[in-house]
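The data block below is start-v7.txt; it holds compact mmCIF, C-alpha atoms.
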# COMPACT_ATOMS: atom_id res chain seq x y z
CA MET D 29 91.52 113.32 77.82
CA LYS D 30 93.15 113.61 81.23
CA GLU D 31 92.15 111.22 84.01
CA ILE D 32 93.10 111.16 87.65
CA ILE D 33 92.49 109.08 90.79
CA LEU D 34 90.74 110.97 93.59
CA ILE D 35 91.48 109.35 96.95
CA LYS D 36 89.36 110.14 99.99
CA THR D 37 90.86 109.60 103.42
CA GLY D 38 88.59 108.28 106.15
CA GLU D 39 89.76 107.88 109.72
CA ILE D 40 92.72 110.19 109.05
CA ALA D 41 90.30 113.10 108.74
CA LEU D 42 89.51 112.73 112.46
CA LYS D 43 93.13 113.23 113.51
CA GLY D 44 94.15 116.47 115.14
CA LEU D 45 97.33 118.45 114.70
CA ASN D 46 99.21 115.39 113.37
CA LYS D 47 96.74 114.79 110.53
CA SER D 48 99.26 115.91 107.92
CA SER D 49 101.82 113.37 109.12
CA PHE D 50 99.29 110.56 108.60
CA GLU D 51 98.56 111.90 105.11
CA ASP D 52 102.28 112.04 104.30
CA VAL D 53 102.71 108.39 105.29
CA LEU D 54 99.67 107.44 103.22
CA VAL D 55 101.08 109.20 100.14
CA LYS D 56 104.40 107.43 100.67
CA ASN D 57 102.62 104.06 100.85
CA ILE D 58 100.60 104.77 97.70
CA LYS D 59 103.75 105.82 95.84
CA TRP D 60 105.42 102.51 96.71
CA ARG D 61 102.44 100.53 95.44
CA LEU D 62 102.31 102.45 92.15
CA HIS D 63 105.98 103.11 91.39
CA SER D 64 106.39 100.17 89.00
CA LEU D 65 103.51 101.46 86.84
CA GLY D 66 105.20 104.77 86.12
CA PRO D 67 105.39 108.29 87.56
CA PHE D 68 102.51 109.89 89.44
CA LYS D 69 102.16 113.37 90.89
CA PHE D 70 100.45 113.74 94.27
CA ARG D 71 98.66 116.68 95.87
CA LYS D 72 96.70 116.92 99.13
CA ALA D 73 93.70 119.16 99.77
CA GLN D 74 90.50 118.94 101.85
CA SER D 75 90.90 115.30 102.95
CA THR D 76 91.48 114.30 99.32
CA ILE D 77 94.66 113.04 97.71
CA TYR D 78 94.99 113.76 93.99
CA CYS D 79 96.91 110.97 92.27
CA GLU D 80 97.77 112.22 88.78
CA PRO D 81 99.48 109.98 86.18
CA GLN D 82 102.33 111.69 84.38
CA SER D 83 102.02 109.76 81.12
CA ASP D 84 99.09 109.12 78.81
CA ASP D 85 99.66 105.36 78.52
CA MET D 86 99.40 104.66 82.25
CA ASP D 87 97.42 101.55 83.23
CA LEU D 88 94.85 103.23 85.48
CA ASP D 89 92.82 100.02 85.91
CA GLU D 90 95.80 98.37 87.57
CA ALA D 91 96.59 101.57 89.49
CA CYS D 92 93.06 101.61 90.91
CA ARG D 93 93.31 97.94 91.87
CA ARG D 94 96.47 98.62 93.82
CA VAL D 95 95.06 101.76 95.44
CA SER D 96 92.06 99.73 96.65
CA HIS D 97 94.44 97.65 98.83
CA VAL D 98 96.19 100.55 100.60
CA PHE D 99 95.20 101.03 104.23
CA GLY D 100 94.13 104.55 105.15
CA ILE D 101 91.86 105.04 102.13
CA ALA D 102 88.11 105.24 102.73
CA ALA D 103 87.08 105.53 99.07
CA PHE D 104 88.48 106.47 95.68
CA SER D 105 87.31 107.36 92.19
CA ARG D 106 88.77 107.30 88.73
CA ALA D 107 87.82 110.74 87.45
CA ARG D 108 87.95 112.80 84.27
CA VAL D 109 89.44 116.27 84.59
CA ALA D 110 87.50 119.15 83.03
CA ALA D 111 87.93 122.88 82.89
CA LYS D 112 85.79 124.91 85.29
CA ASP D 113 83.46 125.68 82.43
CA PHE D 114 79.96 124.21 82.25
CA GLU D 115 80.17 123.34 78.55
CA ASP D 116 83.41 121.45 79.05
CA ILE D 117 81.97 119.71 82.11
CA CYS D 118 79.01 118.50 80.03
CA ALA D 119 81.24 117.32 77.18
CA GLN D 120 83.60 115.46 79.47
CA ALA D 121 80.79 113.86 81.49
CA LEU D 122 79.04 112.56 78.36
CA ASP D 123 82.30 111.22 76.96
CA PHE D 124 83.63 109.70 80.20
CA LEU D 125 80.42 108.03 81.40
CA GLY D 126 78.71 107.62 78.03
CA GLU D 127 79.17 103.86 77.79
CA GLU D 128 77.68 103.30 81.24
CA LEU D 129 74.77 105.61 80.44
CA GLU D 130 74.14 103.81 77.14
CA TYR D 131 73.40 100.52 78.90
CA ALA D 132 71.70 101.90 82.02
CA ASP D 133 68.02 102.48 82.72
CA THR D 134 68.33 105.19 85.36
CA PHE D 135 70.82 107.84 86.44
CA LYS D 136 71.35 110.66 88.88
CA VAL D 137 73.56 113.75 88.83
CA GLU D 138 75.20 115.02 92.00
CA ALA D 139 77.40 118.10 92.30
CA LYS D 140 79.69 119.49 94.98
CA ARG D 141 80.88 123.05 94.58
CA ALA D 142 83.93 123.45 96.81
CA ASP D 143 84.92 126.51 94.76
CA LYS D 144 82.11 128.94 95.55
CA SER D 145 83.29 131.32 92.84
CA PHE D 146 81.93 128.96 90.18
CA PRO D 147 78.89 130.80 88.76
CA MET D 148 76.43 127.88 88.92
CA LYS D 149 75.23 126.48 92.24
CA SER D 150 75.11 122.74 92.83
CA PRO D 151 71.35 122.25 92.18
CA GLU D 152 71.68 124.21 88.94
CA ILE D 153 74.62 122.05 87.79
CA CYS D 154 72.58 118.91 88.50
CA ARG D 155 69.50 120.21 86.69
CA GLU D 156 71.28 121.48 83.59
CA LEU D 157 73.68 118.53 83.22
CA GLY D 158 70.80 116.10 83.82
CA GLY D 159 68.90 117.81 80.99
CA ARG D 160 71.86 117.43 78.62
CA ILE D 161 72.11 113.73 79.44
CA LEU D 162 68.38 113.19 78.81
CA GLU D 163 68.67 114.99 75.48
CA GLN D 164 71.30 112.51 74.32
CA TYR D 165 70.00 109.33 75.98
CA HIS D 166 66.22 109.28 75.50
CA HIS D 167 65.80 105.87 77.17
CA LEU D 168 67.09 107.08 80.53
CA LYS D 169 65.04 108.06 83.55
CA VAL D 170 66.11 109.94 86.65
CA ASP D 171 66.23 107.94 89.90
CA VAL D 172 67.49 109.88 92.89
CA GLU D 173 67.28 106.88 95.26
CA GLN D 174 69.00 103.93 93.53
CA PRO D 175 70.30 105.01 90.12
CA ASP D 176 72.13 102.59 87.83
CA VAL D 177 74.68 105.31 87.09
CA LEU D 178 75.77 108.17 89.31
CA VAL D 179 77.24 111.17 87.52
CA MET D 180 79.27 113.06 90.10
CA VAL D 181 80.68 116.54 89.44
CA GLU D 182 83.14 118.07 91.91
CA ILE D 183 84.09 121.72 91.37
CA ARG D 184 87.40 122.21 93.15
CA GLU D 185 90.12 124.86 93.29
CA THR D 186 91.98 124.15 90.07
CA ALA D 187 89.58 122.07 87.97
CA ALA D 188 86.31 120.18 87.78
CA TYR D 189 86.26 116.40 88.22
CA ILE D 190 83.67 114.01 86.81
CA HIS D 191 83.33 110.45 88.08
CA GLY D 192 80.85 107.71 88.84
CA LYS D 193 80.15 106.02 92.15
CA GLN D 194 83.03 106.01 94.59
CA LEU D 195 84.72 102.65 95.09
CA PRO D 196 85.43 101.43 98.63
CA GLY D 197 88.99 101.61 99.91
CA ALA D 198 90.70 99.24 102.33
CA GLY D 199 89.91 101.46 105.35
CA GLY D 200 92.05 101.57 108.46
CA ILE D 201 95.04 103.86 108.92
CA PRO D 202 98.32 103.98 106.98
CA ILE D 203 100.90 101.29 107.66
CA GLY D 204 103.77 102.67 109.70
CA THR D 205 101.75 105.18 111.71
CA SER D 206 101.31 102.80 114.67
CA GLY D 207 104.85 101.45 114.84
CA LYS D 208 106.11 97.93 114.13
CA ALA D 209 105.17 94.43 115.26
CA ALA D 210 106.48 90.92 114.65
CA ILE D 211 103.97 88.32 113.52
CA LEU D 212 104.51 84.62 114.18
CA ILE D 213 103.42 83.20 110.86
CA SER D 214 102.89 79.52 110.21
CA GLY D 215 101.51 78.17 106.96
CA GLY D 216 97.94 78.09 108.21
CA ILE D 217 94.81 80.17 107.70
CA ASP D 218 94.80 82.23 110.87
CA SER D 219 98.16 84.04 111.06
CA PRO D 220 97.96 85.82 107.66
CA VAL D 221 94.50 87.09 108.66
CA ALA D 222 95.86 88.27 112.01
CA GLY D 223 98.68 90.12 110.25
CA TYR D 224 96.28 91.74 107.82
CA MET D 225 94.03 92.94 110.64
CA MET D 226 96.88 94.52 112.60
CA ALA D 227 98.42 96.09 109.49
CA LYS D 228 95.03 97.72 108.95
CA ARG D 229 95.58 99.46 112.28
CA GLY D 230 98.81 101.00 111.01
CA LEU D 231 101.40 98.43 112.13
CA GLU D 232 104.40 97.65 109.93
CA LEU D 233 104.93 93.88 110.03
CA THR D 234 107.98 91.65 110.38
CA GLY D 235 107.37 87.93 109.87
CA VAL D 236 108.84 85.16 112.03
CA HIS D 237 108.48 81.60 110.72
CA PHE D 238 109.78 78.41 112.35
CA ALA D 239 111.01 75.63 110.06
CA SER D 240 112.06 72.11 111.10
CA PRO D 241 113.82 70.36 108.24
CA PRO D 242 113.79 67.50 107.40
CA TYR D 243 110.40 67.20 109.14
CA THR D 244 109.22 70.26 107.19
CA SER D 245 110.04 70.71 103.53
CA GLU D 246 111.34 73.51 101.34
CA ARG D 247 107.85 73.63 99.83
CA ALA D 248 106.44 74.49 103.26
CA LYS D 249 108.82 77.45 103.51
CA ARG D 250 107.94 78.57 99.97
CA LYS D 251 104.28 78.40 100.96
CA VAL D 252 104.88 80.87 103.80
CA ILE D 253 106.80 83.19 101.47
CA ALA D 254 103.90 83.00 99.00
CA LEU D 255 101.47 83.89 101.79
CA MET D 256 103.50 86.92 102.76
CA GLU D 257 103.71 88.02 99.13
CA LYS D 258 99.92 87.96 99.05
CA MET D 259 99.81 89.86 102.34
CA ALA D 260 102.18 92.44 100.81
CA GLU D 261 99.28 93.57 98.61
CA TYR D 262 97.85 95.13 101.78
CA CYS D 263 100.72 95.11 104.27
CA GLY D 264 103.49 96.54 102.07
CA ARG D 265 107.16 95.58 102.26
CA MET D 266 108.07 93.10 104.98
CA LYS D 267 110.98 91.08 106.28
CA LEU D 268 110.58 87.38 106.98
CA PHE D 269 112.91 85.65 109.43
CA VAL D 270 112.98 81.86 108.96
CA VAL D 271 114.13 80.27 112.22
CA PRO D 272 115.66 76.75 112.23
CA PHE D 273 113.67 74.92 114.87
CA THR D 274 114.60 71.25 114.42
CA GLU D 275 117.07 70.91 117.29
CA ILE D 276 114.73 72.61 119.74
CA GLN D 277 111.84 70.33 118.85
CA GLU D 278 113.99 67.21 119.01
CA GLN D 279 115.34 68.21 122.43
CA ILE D 280 111.81 68.83 123.72
CA ARG D 281 110.69 65.47 122.32
CA ASP D 282 113.57 63.61 123.95
CA ARG D 283 113.63 65.33 127.35
CA CYS D 284 110.16 66.67 128.21
CA PRO D 285 106.80 65.04 129.05
CA GLU D 286 104.84 64.43 125.86
CA GLU D 287 101.69 66.17 127.06
CA LEU D 288 103.67 69.42 127.57
CA PHE D 289 105.46 69.35 124.22
CA THR D 290 103.21 71.86 122.47
CA ILE D 291 103.20 74.43 125.26
CA ILE D 292 107.00 74.26 125.71
CA MET D 293 107.46 74.59 121.95
CA ARG D 294 105.25 77.69 121.93
CA ARG D 295 107.27 79.21 124.79
CA PHE D 296 110.47 78.78 122.76
CA MET D 297 108.78 80.42 119.78
CA MET D 298 107.72 83.40 121.87
CA ARG D 299 111.21 83.82 123.35
CA ILE D 300 112.84 83.79 119.91
CA ALA D 301 110.21 86.09 118.42
CA ASP D 302 110.75 88.46 121.36
CA GLN D 303 114.48 88.66 120.60
CA LEU D 304 113.91 89.25 116.89
CA ALA D 305 111.18 91.82 117.56
CA ARG D 306 113.42 93.91 119.79
CA LYS D 307 116.28 93.82 117.28
CA GLN D 308 113.88 95.01 114.55
CA ASP D 309 112.48 97.79 116.78
CA CYS D 310 109.10 96.05 117.01
CA GLY D 311 106.94 96.99 119.98
CA ALA D 312 104.60 93.98 119.97
CA LEU D 313 104.09 90.40 118.87
CA ILE D 314 101.12 89.16 116.81
CA THR D 315 99.74 85.62 116.67
CA GLY D 316 96.79 84.00 114.91
CA GLU D 317 95.51 82.23 118.02
CA SER D 318 91.77 81.80 118.62
CA VAL D 319 90.59 80.75 122.07
CA GLY D 320 89.78 77.05 122.29
CA GLN D 321 90.69 76.24 118.69
CA VAL D 322 93.52 73.85 119.63
CA ALA D 323 95.11 72.62 122.86
CA SER D 324 97.75 75.38 122.95
CA GLN D 325 95.08 78.08 122.64
CA THR D 326 93.22 77.60 125.90
CA VAL D 327 93.28 80.43 128.42
CA LYS D 328 95.76 78.63 130.71
CA ALA D 329 98.00 77.64 127.80
CA ILE D 330 98.08 81.19 126.48
CA ALA D 331 98.97 82.45 129.96
CA CYS D 332 101.89 80.00 130.08
CA THR D 333 103.28 81.25 126.76
CA ASP D 334 102.79 84.97 127.33
CA ILE D 335 104.76 84.95 130.56
CA VAL D 336 108.08 84.48 128.71
CA THR D 337 107.82 87.89 126.98
CA ASP D 338 107.39 91.43 128.24
CA LEU D 339 106.09 92.62 124.87
CA PRO D 340 102.33 93.00 124.36
CA VAL D 341 100.91 90.11 122.34
CA PHE D 342 98.11 91.03 119.92
CA ARG D 343 95.67 88.26 118.93
CA PRO D 344 93.14 89.95 116.62
CA VAL D 345 91.28 86.73 115.73
CA ILE D 346 91.08 85.45 119.30
CA GLY D 347 87.29 85.76 119.53
CA MET D 348 86.50 84.67 115.97
CA ASP D 349 85.33 81.27 114.82
CA LYS D 350 86.89 79.50 111.85
CA ARG D 351 84.16 80.55 109.44
CA GLU D 352 84.78 84.22 110.16
CA ILE D 353 88.54 83.81 109.76
CA ILE D 354 88.13 81.92 106.48
CA ALA D 355 85.88 84.69 105.14
CA ILE D 356 88.66 87.25 105.61
CA ALA D 357 91.27 84.83 104.24
CA ASN D 358 89.20 84.52 101.06
CA GLU D 359 88.80 88.29 100.88
CA ILE D 360 92.58 88.86 100.99
CA ASP D 361 93.29 85.82 98.77
CA THR D 362 95.37 83.83 101.25
CA PHE D 363 92.96 80.92 101.86
CA GLU D 364 93.84 78.74 98.87
CA THR D 365 97.55 79.06 99.63
CA SER D 366 97.03 78.39 103.34
CA ILE D 367 95.31 75.06 102.71
CA LEU D 368 98.09 73.67 100.51
CA PRO D 369 99.05 70.34 102.16
CA TYR D 370 102.62 71.21 103.18
CA GLU D 371 103.44 70.48 106.81
CA ASP D 372 104.61 73.13 109.28
CA CYS D 373 106.57 72.68 112.48
CA CYS D 374 103.46 73.01 114.66
CA THR D 375 102.33 69.60 113.40
CA VAL D 376 105.68 67.92 114.11
CA PHE D 377 105.75 65.56 117.13
CA THR D 378 102.19 66.51 118.09
CA PRO D 379 101.32 64.76 121.37
CA LYS D 380 98.38 62.34 121.40
CA HIS D 381 96.97 63.89 124.58
CA PRO D 382 98.22 67.48 124.97
CA ARG D 383 97.70 69.23 128.29
CA THR D 384 94.94 71.84 127.80
CA ARG D 385 95.27 73.27 131.33
CA PRO D 386 99.02 73.29 131.89
CA ARG D 387 100.43 74.28 135.26
CA LEU D 388 103.20 76.84 134.98
CA ASP D 389 105.32 75.20 137.69
CA LEU D 390 105.27 71.84 135.85
CA VAL D 391 106.11 73.51 132.55
CA GLU D 392 109.04 75.40 134.08
CA ALA D 393 110.26 72.22 135.78
CA ALA D 394 110.22 70.37 132.46
CA GLU D 395 112.24 73.16 130.85
CA GLN D 396 114.94 72.73 133.48
CA THR D 397 116.05 69.61 131.58
CA LEU D 398 116.86 71.80 128.54
CA ASP D 399 119.63 74.29 127.77
CA VAL D 400 117.08 76.99 126.99
CA ASP D 401 119.55 79.83 126.35
CA GLY D 402 121.90 77.64 124.31
CA LEU D 403 119.10 76.28 122.12
CA ILE D 404 117.75 79.77 121.48
CA ALA D 405 121.23 81.10 120.63
CA GLY D 406 121.77 78.25 118.18
CA ALA D 407 118.43 78.89 116.46
CA VAL D 408 119.01 82.64 116.25
CA ALA D 409 122.46 82.09 114.73
CA GLY D 410 120.95 80.06 111.89
CA ILE D 411 118.16 82.46 110.93
CA GLU D 412 117.54 83.10 107.23
CA LEU D 413 116.27 86.54 106.16
CA VAL D 414 113.83 86.85 103.23
CA GLU D 415 112.80 90.27 101.90
CA ILE D 416 109.13 90.40 100.87
CA LYS D 417 108.79 93.17 98.27
CA LYS D 418 106.54 91.78 95.58
CA ILE D 419 103.34 93.24 94.29
CA ARG D 420 101.37 90.38 92.80
CA LEU D 421 101.25 89.99 89.05
CA VAL D 422 97.81 90.65 87.57
CA ASP D 423 97.30 90.00 83.85
CA GLY D 424 101.05 89.90 83.38
CA LYS D 425 101.72 93.24 85.10
CA ARG D 426 103.71 93.83 88.28
Using structure tokens, write down the structure from this file.
Amino acid sequence: MKEIILIKTGEIALKGLNKSSFEDVLVKNIKWRLHSLGPFKFRKAQSTIYCEPQSDDMDLDEACRRVSHVFGIAAFSRARVAAKDFEDICAQALDFLGEELEYADTFKVEAKRADKSFPMKSPEICRELGGRILEQYHHLKVDVEQPDVLVMVEIRETAAYIHGKQLPGAGGIPIGTSGKAAILISGGIDSPVAGYMMAKRGLELTGVHFASPPYTSERAKRKVIALMEKMAEYCGRMKLFVVPFTEIQEQIRDRCPEELFTIIMRRFMMRIADQLARKQDCGALITGESVGQVASQTVKAIACTDIVTDLPVFRPVIGMDKREIIAIANEIDTFETSILPYEDCCTVFTPKHPRTRPRLDLVEAAEQTLDVDGLIAGAVAGIELVEIKKIRLVDGKR
């Protein structure tokens, strides 16, 4: 019996003349997520994408799991395909949803007749199919408000489709439709959440991570790679640039006032991220900063860091408290990795009394003791590139 995944677009449906281009990008993104499972055929019609497996042994449970993480999808259903014949519709509905009906107490039938040439109107389909279900499952009752099982019949151009309740998609708009941005990713909780939130708005991400060996370990770098592999479930393929940051931090430690260490370090990070972003055709930077969370995230400190770049800096978690950020981190499965106790460079040489209201003139004066351009050039020359392509393994499947 043939099954298919029906994918309903959400926000894309509101687009104007460029709606089809958004749909094309969405199909491309879905194809990438599903390609390792086998071949699928795609078709677009009436704000629905038909995702049809081309082999009978396809793992549709895993396919649905992956589809649920693709931005641009409002809802989706795993559906049984039936001929546009009422008897076949009844047979397929009873077979496809029979197990759910067997253990339910209530049900409801809904029908949508997009093909108006079908001889039965929607209320008639609901009435007659509901009667067939009651004939076979005597324990069931009809509940039109909150049924245990929804039996949905969609009569479309080429076939009829039977499915249960629609499952929620990831929402947002397809990755790649809003351009590219570089995310400064540490090993903490906030930056993966920030990346996820901006990817949901259609941005393709490039990661920038700063490592300071021997003060930070190889395990800390692997932790960041693991975080980005988890983010790839939603954010798709990404590049990660690992920037050697030891010399810069040691120079700041040795030459600058201790209370300004953090803010000067952040300014170097923004300068380097700016260079990498422009080389990768990124139009913005993303950080996981939240106002007031730490000394470098006060309004004055943020102003001191932003001034070194002309690119817009997106901070999607800036108004959120930690509990809200952790809730999203748990939802996207990055929290447990983020709290692994491997140090990152932001914790290296942390001043005892950091300046929370830094003056720009004092910060710039302190930087005069450093070879800013030379230090940045040295760090950029030593960058390591990591390609993030993985789809997480679930039950032994990629």
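Taking atom CA of Leu231 of chain D and atom CA of Leu88 of chain D as endpoints, the distance between them is 27.9 Å.
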Tell me which residues come within 9 Å of (103.0, 89.0, 99.9), as a list in words, counting all atoms listed in the file in the file's coordinates.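 Collected hits near the coordinates: Ile253, Ala254, Leu255, Met256, Glu257, Lys258, Met259, Ala260, Glu261, Tyr262, Cys263, Gly264, Arg265, Met266, Ile416, Lys417, Lys418, Ile419 and Arg420 of chain D.
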Restricting it to C-alpha atoms, dump the selection as a PDB file, keeping the file's coordinate frame.
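So again.pdb came out as:
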ATOM      1  CA  ILE D 253     106.800  83.190 101.470  1.00  0.00           C
ATOM      2  CA  ALA D 254     103.900  83.000  99.000  1.00  0.00           C
ATOM      3  CA  LEU D 255     101.470  83.890 101.790  1.00  0.00           C
ATOM      4  CA  MET D 256     103.500  86.920 102.760  1.00  0.00           C
ATOM      5  CA  GLU D 257     103.710  88.020  99.130  1.00  0.00           C
ATOM      6  CA  LYS D 258      99.920  87.960  99.050  1.00  0.00           C
ATOM      7  CA  MET D 259      99.810  89.860 102.340  1.00  0.00           C
ATOM      8  CA  ALA D 260     102.180  92.440 100.810  1.00  0.00           C
ATOM      9  CA  GLU D 261      99.280  93.570  98.610  1.00  0.00           C
ATOM     10  CA  TYR D 262      97.850  95.130 101.780  1.00  0.00           C
ATOM     11  CA  CYS D 263     100.720  95.110 104.270  1.00  0.00           C
ATOM     12  CA  GLY D 264     103.490  96.540 102.070  1.00  0.00           C
ATOM     13  CA  ARG D 265     107.160  95.580 102.260  1.00  0.00           C
ATOM     14  CA  MET D 266     108.070  93.100 104.980  1.00  0.00           C
ATOM     15  CA  ILE D 416     109.130  90.400 100.870  1.00  0.00           C
ATOM     16  CA  LYS D 417     108.790  93.170  98.270  1.00  0.00           C
ATOM     17  CA  LYS D 418     106.540  91.780  95.580  1.00  0.00           C
ATOM     18  CA  ILE D 419     103.340  93.240  94.290  1.00  0.00           C
ATOM     19  CA  ARG D 420     101.370  90.380  92.800  1.00  0.00           C
TER      20      ARG D 420
END
Which is closer to Ile201 of chain D than all the others in D:Pro369, D:Gly316, D:Gly100, D:Pro147, using all atoms listed in the file?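 Among the listed residues, D:Gly100 lies closest to Ile201 of chain D.
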Padded axis-aligned box of segment 306-319 of chain D (5 Å per side), centre and edge lengths, Å, one decimal, as AutoDock Vina command-line options:
--center_x 103.4 --center_y 89.3 --center_z 118.3 --size_x 35.7 --size_y 27.0 --size_z 17.5
Counting all atoms listed in the file, which of D:Ile101, D:Lys251, D:Ile404, D:Ala394 gets nearest to Cys284 of chain D?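 Of D:Ile101, D:Lys251, D:Ile404, D:Ala394, the one nearest Cys284 of chain D is D:Ala394, counting all atoms listed in the file.
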Contact residues around Gly204 of chain D with only C-alpha atoms at 7 Å, ignoring same-chain residues under 2 positions, as a list in words: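 Close residues of Gly204 of chain D: Pro202, Ser206, Gly207, Lys208, Gly230, Leu231 and Glu232 of chain D.
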Please save C-alpha atoms of the selected residues as an mmCIF file, in the frame of the given file.
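Output saved as result39.cif:
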data_model
loop_
_atom_site.group_PDB
_atom_site.id
_atom_site.type_symbol
_atom_site.label_atom_id
_atom_site.label_comp_id
_atom_site.auth_asym_id
_atom_site.auth_seq_id
_atom_site.Cartn_x
_atom_site.Cartn_y
_atom_site.Cartn_z
ATOM 1 C CA PRO D 202 98.320 103.980 106.980
ATOM 2 C CA SER D 206 101.310 102.800 114.670
ATOM 3 C CA GLY D 207 104.850 101.450 114.840
ATOM 4 C CA LYS D 208 106.110 97.930 114.130
ATOM 5 C CA GLY D 230 98.810 101.000 111.010
ATOM 6 C CA LEU D 231 101.400 98.430 112.130
ATOM 7 C CA GLU D 232 104.400 97.650 109.930
#
Of the listed residues D:Cys373, D:Val408, D:Ile292, D:Ile280, that which approaches Lys307 of chain D most closely, counting only C-alpha atoms: D:Val408
Could you check how far atom CA of Phe377 of chain D sits from atom CA of Tyr243 of chain D, in Å to one decimal?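 Atom-to-atom, atom CA of Phe377 of chain D to atom CA of Tyr243 of chain D, that is 9.4 Å.
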One number please: atom CA of Asp171 of chain D to atom CA of Glu152 of chain D, in Å, one decimal.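 Distance between the two atoms: 17.2 Å.
Among the candidates D:Ala198, D:Ile291, D:Cys374, D:Val271, the one nearest to Tyr224 of chain D when counting all atoms listed in the file is D:Ala198.
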So which residues touch Asp349 of chain D within 10 Å, counting all atoms listed in the file, skipping near sequence neighbours fewer than 5 positions away, as an NGL selection string? :D and (318-321 or 354)
Mind writing the picked residues with C-alpha atoms as a CSV table (one decimal), in the coordinates of the input?
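selection.csv was written with the following content:
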chain,number,residue,atom,x,y,z
D,318,SER,CA,91.8,81.8,118.6
D,319,VAL,CA,90.6,80.8,122.1
D,320,GLY,CA,89.8,77.0,122.3
D,321,GLN,CA,90.7,76.2,118.7
D,354,ILE,CA,88.1,81.9,106.5
Taking all atoms listed in the file into account, produce a table as CSV in which each residue of segment 191-254 of chain D with an atom at most 12 Å from an atom of segment 338-343 of chain D appears once, together with its shortest atom pair and the distance in Å to one decimal, ordered by chain and rising number.
residue,atom,partner,partner_atom,distance
D:Lys208,CA,D:Pro340,CA,12.0
D:Ala209,CA,D:Phe342,CA,9.1
D:Ala210,CA,D:Val341,CA,9.5
D:Ile211,CA,D:Phe342,CA,9.1
D:Leu212,CA,D:Val341,CA,10.5
D:Asp218,CA,D:Arg343,CA,10.1
D:Ser219,CA,D:Arg343,CA,9.3
D:Pro220,CA,D:Arg343,CA,11.8
D:Val221,CA,D:Arg343,CA,10.4
D:Ala222,CA,D:Arg343,CA,6.9
D:Gly223,CA,D:Arg343,CA,9.4
D:Tyr224,CA,D:Arg343,CA,11.7
D:Met225,CA,D:Arg343,CA,9.7
D:Met226,CA,D:Phe342,CA,8.2
D:Ala227,CA,D:Phe342,CA,11.6
D:Arg229,CA,D:Phe342,CA,11.7
D:Leu231,CA,D:Phe342,CA,11.2
Include C-alpha atoms and write out the residues we just selected as a PDB file, in the coordinates of the input.
ATOM      1  CA  LYS D 208     106.110  97.930 114.130  1.00  0.00           C
ATOM      2  CA  ALA D 209     105.170  94.430 115.260  1.00  0.00           C
ATOM      3  CA  ALA D 210     106.480  90.920 114.650  1.00  0.00           C
ATOM      4  CA  ILE D 211     103.970  88.320 113.520  1.00  0.00           C
ATOM      5  CA  LEU D 212     104.510  84.620 114.180  1.00  0.00           C
ATOM      6  CA  ASP D 218      94.800  82.230 110.870  1.00  0.00           C
ATOM      7  CA  SER D 219      98.160  84.040 111.060  1.00  0.00           C
ATOM      8  CA  PRO D 220      97.960  85.820 107.660  1.00  0.00           C
ATOM      9  CA  VAL D 221      94.500  87.090 108.660  1.00  0.00           C
ATOM     10  CA  ALA D 222      95.860  88.270 112.010  1.00  0.00           C
ATOM     11  CA  GLY D 223      98.680  90.120 110.250  1.00  0.00           C
ATOM     12  CA  TYR D 224      96.280  91.740 107.820  1.00  0.00           C
ATOM     13  CA  MET D 225      94.030  92.940 110.640  1.00  0.00           C
ATOM     14  CA  MET D 226      96.880  94.520 112.600  1.00  0.00           C
ATOM     15  CA  ALA D 227      98.420  96.090 109.490  1.00  0.00           C
ATOM     16  CA  ARG D 229      95.580  99.460 112.280  1.00  0.00           C
ATOM     17  CA  LEU D 231     101.400  98.430 112.130  1.00  0.00           C
TER      18      LEU D 231
END
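Each of D:Val98, D:Met298, D:Val414, D:Leu195 was compared to Lys228 of chain D using all atoms listed in the file, and D:Val98 turns out to be the nearest.
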Return the single residue from D:Gly347, D:Pro272, D:Gly311, D:Gly410 that is closest to Phe296 of chain D, with distances computed using all atoms listed in the file.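 The answer is D:Pro272, which sits nearest to Phe296 of chain D.
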Using the partial input, fill out segment 364-370 of chain D with N, CA and C atoms; write the result as a PDB file, in the coordinates of the input.
ATOM      1  N   GLU D 364      93.454  79.865  99.713  1.00  0.00           N
ATOM      2  CA  GLU D 364      93.840  78.740  98.870  1.00  0.00           C
ATOM      3  C   GLU D 364      95.312  78.368  99.078  1.00  0.00           C
ATOM      4  N   THR D 365      96.147  79.354  99.338  1.00  0.00           N
ATOM      5  CA  THR D 365      97.550  79.060  99.630  1.00  0.00           C
ATOM      6  C   THR D 365      97.690  78.419 101.011  1.00  0.00           C
ATOM      7  N   SER D 366      96.930  78.911 101.973  1.00  0.00           N
ATOM      8  CA  SER D 366      97.030  78.390 103.340  1.00  0.00           C
ATOM      9  C   SER D 366      96.651  76.919 103.441  1.00  0.00           C
ATOM     10  N   ILE D 367      95.759  76.450 102.593  1.00  0.00           N
ATOM     11  CA  ILE D 367      95.310  75.060 102.710  1.00  0.00           C
ATOM     12  C   ILE D 367      96.127  74.091 101.860  1.00  0.00           C
ATOM     13  N   LEU D 368      97.195  74.588 101.216  1.00  0.00           N
ATOM     14  CA  LEU D 368      98.090  73.670 100.510  1.00  0.00           C
ATOM     15  C   LEU D 368      98.666  72.671 101.522  1.00  0.00           C
ATOM     16  N   PRO D 369      98.743  71.379 101.174  1.00  0.00           N
ATOM     17  CA  PRO D 369      99.050  70.340 102.160  1.00  0.00           C
ATOM     18  C   PRO D 369     100.531  70.167 102.466  1.00  0.00           C
ATOM     19  N   TYR D 370     101.209  71.287 102.816  1.00  0.00           N
ATOM     20  CA  TYR D 370     102.620  71.210 103.180  1.00  0.00           C
ATOM     21  C   TYR D 370     102.729  71.409 104.680  1.00  0.00           C
TER      22      TYR D 370
END
